[in-house]
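Reading through the structure tokens given below for one structure.
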2 protein chains.
Amino acid sequence: MITADDVDGLAARDWQQADAEDGPVRVAMIGIGWWTRDRAIPAAEASELCETTVAVSSSIEKAADAVEGHPTIDEAITYEEFHEGAASEAYDAVYIATPNTVHPQYAETAAELGKAILCEKPMADRTDRAAEMLEATQGTTLMIAYRMHTEPIVRRMRELVQQGFVGEVVEIRGRMSQRLLEMIPDPDQWRLDPDLSGYGASVMDLGIYPLNTARFVLDSDPERVQASMYSVSENFAAVPDERASFLLDFPNGAVASCAASQNAFKDDRFVVIGTEGSLRMRNAFHSGDGRELVLERDGARTTLDVEPVDQMVEEFDYFADRVLRGETPHPDGEHGLFDMRALEAIYAAAERDEPVPIDA
Amino acid sequence: MITADDVDGLAARDWQQADAEDGPVRVAMIGIGWWTRDRAIPAAEASELCETTVAVSSSIEKAADAVEGHPTIDEAITYEEFHEGAASEAYDAVYIATPNTVHPQYAETAAELGKAILCEKPMADRTDRAAEMLEATQGTTLMIAYRMHTEPIVRRMRELVQQGFVGEVVEIRGRMSQRLLEMIPDPDQWRLDPDLSGYGASVMDLGIYPLNTARFVLDSDPERVQASMYSVSENFAAVPDERASFLLDFPNGAVASCAASQNAFKDDRFVVIGTEGSLRMRNAFHSGDGRELVLERDGARTTLDVEPVDQMVEEFDYFADRVLRGETPHPDGEHGLFDMRALEAIYAAAERDEPVPIDA
């Protein structure tokens, strides 16, 4: 029988051990685009264990705007100044939310300066550069910002699968789509430019959600991939994946069928079907929407619909909790590097019209 | 604005022109398994334009059981007697619901006797035999029993897609699964025997639903397929597809990702995602469940939840309507043959580990 304790525990932070007195971890925000301004900086402010103390941007004006009136940001510096070590006594960690291709350079400088690193997904633009980045950051804490790992609904899915709620896992389905050019009406934006984004636009930015969430929920890694990609619109001519569908073969005969598109009606789902039950997450990946989990087994359907958390607050506190206690985050550099190998294989499979194994 | 007429029309038979006085079409039921006894015979009885007059079975006992006390079934004959032309003056059409491998022989005899044919899907066990069956039935009406074609919710989906409700179609998702051995606890049943079923168990019987429904809703045919199949349980050792996931590439860059399993929690979905909206059908394929269609575009979500029809009644009346008016059914032999080519390609893609084109 489901008890009050069970319900109370649904959104609890089962992972937190540090508390406010242990911190705060002072964060330098690298890249002051809309995401950092609207989600990351407010999240650090709302978090228990972090605070933003430095803003790093291409221009002093942008950084100064972020600083103006902010209760804890004291310093605004340029990317150049950051690489030169400016204000390094003012922060303990960096949050990197820049175009993929420059993740490695900021991570490498941060590591040289002895700073912990929270870096947005995907880790980098290409596998080889991600491997170099991993090598360069061995001496510090590196976490890849997979916000699903601290989303309570996803953590409950993972536990349920591990406990055998669905029986043997048979099939996973995941998709994420949006109309990027309505959200950011700039055809020259970095996500549509392979030099800045990497292998493509839809799988690198959106398809990575069902890929990584499947890995996390199953606690298992895919072994090979098949894919179909199409770009049909002018604005997507430079990338192969305006639309992408791919199959990931996991061990034990479980297959994830995933899809992603930067030019489709907003949609996001994540479903696990097993021999004995199913778990279905609605509003799965887009931030800001409350998630819902529907659990089914013979004779009963249960819906979990918890008060939505701010996923960025959870992520920042998890990062800080690990930094303060000297623990390795679950989504560390090795974890992020595997995704890069998987992403590379997905694009290769579509280009070569054949299944591609994912190198471990 | 949605009007009363719109709502009244949702489940209307937009396809019917014949009426009861034009009929009835007298049907010989070939194969008296649970499906025919529990679904087909009652459906013919409830239909406006059909009635069952003959039962054909492997044993006189089985056929006689069906006849006993039935208001319209006058004759019970064996398969042998059927092939010899027994009782041929007592029926106008046949309904074939036997193991796939024997569909062709009953269809061919029926065609020789000048009878119309409603044959369960898939058309046959193998493409070559289905092609011979098509050839042999050229002189009569042949319809393959795709009950989704007369399911009002699916017809509305087809119209909505054609009218551009979702914009350009980007992605289709469909799945059907059940635990066959709980429904029919016989490991030696025909669906698990390639000699009787054909290429496999899950895609032939269940995966054909998302395959064919995607073709019907898009009014378009897939050009190539990629697939992954696994059989992990002892009872499925003879077939390659205890579990199957496959990608169908349609023209214009739309991809359907489909899955099927005869050994998974009961589940069925069919979803169309476009550039401007989505259509999501729950309880999509299992007969007997009321279907629901969720339509989404910017700013609005509408759910259609019509009084469930008996899909077999709709199908029998559609068949009879076409027979009475001398019209070709939409799911005719050519339509059924394309599915056989697609099914063959799906199994080949999984076996050969490479994309396989579907011969037109």
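Letters A, B, ... mark the chains of the structure tokens in the order given; residue numbers begin at 1 per chain; ligand numbers begin at 1, in order shown.
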Inset, instruction - Up to 6 Å from chain B, what residues of chain A turn up? Count only C-alpha atoms and give them as JSON, numbers by chain. - result: {"A": [230, 253, 264, 265, 274, 275, 276, 277, 354]}
Create the file for the chosen residues now, containing all heavy atoms and written as a CSV table (one decimal), in the first residue's frame.
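To be explicit, this is the file written out as out30.csv:
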```
chain,number,residue,atom,x,y,z
A,230,TYR,N,17.0,13.4,-42.1
A,230,TYR,CA,16.6,14.2,-43.3
A,230,TYR,C,16.6,15.7,-42.9
A,230,TYR,O,16.2,16.1,-41.8
A,230,TYR,CB,15.2,13.8,-43.7
A,230,TYR,CG,15.1,12.4,-44.3
A,230,TYR,CD1,14.7,11.4,-43.4
A,230,TYR,CD2,15.5,12.1,-45.6
A,230,TYR,CE1,14.6,10.0,-43.9
A,230,TYR,CE2,15.4,10.8,-46.0
A,230,TYR,CZ,15.0,9.8,-45.2
A,230,TYR,OH,14.9,8.5,-45.7
A,253,GLY,N,18.7,-7.6,-25.4
A,253,GLY,CA,17.6,-7.5,-26.3
A,253,GLY,C,16.6,-6.4,-26.1
A,253,GLY,O,15.5,-6.4,-26.5
A,264,ALA,N,9.9,20.8,-35.5
A,264,ALA,CA,8.6,20.0,-35.4
A,264,ALA,C,7.9,20.6,-34.2
A,264,ALA,O,8.5,21.2,-33.3
A,264,ALA,CB,8.9,18.5,-35.2
A,265,PHE,N,6.6,20.3,-34.2
A,265,PHE,CA,5.7,20.7,-33.0
A,265,PHE,C,6.4,20.2,-31.7
A,265,PHE,O,6.9,19.1,-31.7
A,265,PHE,CB,4.4,20.0,-33.2
A,265,PHE,CG,3.3,20.5,-32.3
A,265,PHE,CD1,2.8,21.8,-32.4
A,265,PHE,CD2,2.8,19.7,-31.3
A,265,PHE,CE1,1.8,22.2,-31.6
A,265,PHE,CE2,1.8,20.1,-30.5
A,265,PHE,CZ,1.3,21.4,-30.6
A,274,GLY,N,8.1,-3.1,-20.5
A,274,GLY,CA,8.8,-4.3,-20.1
A,274,GLY,C,7.8,-5.5,-20.3
A,274,GLY,O,6.7,-5.3,-20.9
A,275,THR,N,8.2,-6.6,-19.8
A,275,THR,CA,7.4,-7.8,-19.9
A,275,THR,C,6.2,-7.7,-19.0
A,275,THR,O,5.1,-8.4,-19.2
A,275,THR,CB,8.1,-9.1,-19.6
A,275,THR,OG1,8.9,-8.9,-18.4
A,275,THR,CG2,9.1,-9.4,-20.7
A,276,GLU,N,6.3,-7.0,-17.9
A,276,GLU,CA,5.2,-7.0,-16.9
A,276,GLU,C,4.6,-5.6,-16.6
A,276,GLU,O,3.6,-5.5,-15.9
A,276,GLU,CB,5.8,-7.4,-15.5
A,276,GLU,CG,6.3,-8.8,-15.6
A,276,GLU,CD,7.0,-9.2,-14.3
A,276,GLU,OE1,6.6,-8.6,-13.2
A,276,GLU,OE2,7.9,-10.1,-14.3
A,277,GLY,N,5.1,-4.6,-17.2
A,277,GLY,CA,4.5,-3.2,-16.9
A,277,GLY,C,5.1,-2.2,-17.8
A,277,GLY,O,6.0,-2.5,-18.6
A,354,GLU,N,24.1,2.3,-42.5
A,354,GLU,CA,24.3,1.0,-42.0
A,354,GLU,C,24.4,1.1,-40.4
A,354,GLU,O,24.7,2.2,-39.9
A,354,GLU,CB,25.6,0.4,-42.5
A,354,GLU,CG,26.9,1.2,-42.1
A,354,GLU,CD,28.1,0.6,-42.7
A,354,GLU,OE1,28.0,-0.4,-43.5
A,354,GLU,OE2,29.2,1.0,-42.3
```
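For range 58-95 of chain A, backbone-based DSSP labels the following residues as alpha helix (DSSP H): Ile60, Glu61, Lys62, Ala63, Ala64, Asp65, Ala66, Val67, Tyr79, Glu80, Glu81, Phe82 and His83 of chain A.
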Inset, instruction - Find the residues around range 58-69 of chain B up to 8 Å (only C-alpha atoms counted), leave out those fewer than 6 positions away in its own chain, and share them as a list in words. - result: Gly31, Ile32, Arg37, Glu75, Ala76, Ile77, Thr78 and Tyr79 of chain B
Inset, instruction - Might you pull out every residue within 12 Å of Glu132 in chain B, with only C-alpha atoms counted and same-chain residues fewer than 3 positions away left off, and present them as a list in words? - result: His103, Pro104, Gln105, Ala107, Glu108, Met123, Ala124, Asp125, Arg126, Thr127, Asp128, Arg129, Glu135, Ala136, Thr137, Gln138, Gly333, Glu334 and Leu337 of chain B
Inset, instruction - Give me the residues within 10 Å of Glu48 in chain B as a ChimeraX atom specification, counting only C-alpha atoms and dropping any in the same chain fewer than 2 places off. - result: /B:18-21,23-25,43-46,50-51,313-314,316-317,320-321
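Going from CA of Glu307 in chain B over to CA of Ala12 in chain B, you cover 11.1 Å.
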Inset, instruction - Taking the DSSP assignment computed from this structure's backbone, write out as a PyMOL selection string all residues of range 130-218 of chain A that belong to strand (DSSP E or B). - result: chain A and resi 142-144+169-179
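Atom to atom, CA of Gly33 in chain B and CA of Tyr95 in chain B stand 12.4 Å apart.
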Legend entry - Point-to-point distance from CA of Ser287 in chain A to CA of Pro122 in chain A, Å rounded to tenths: 16.3 Å
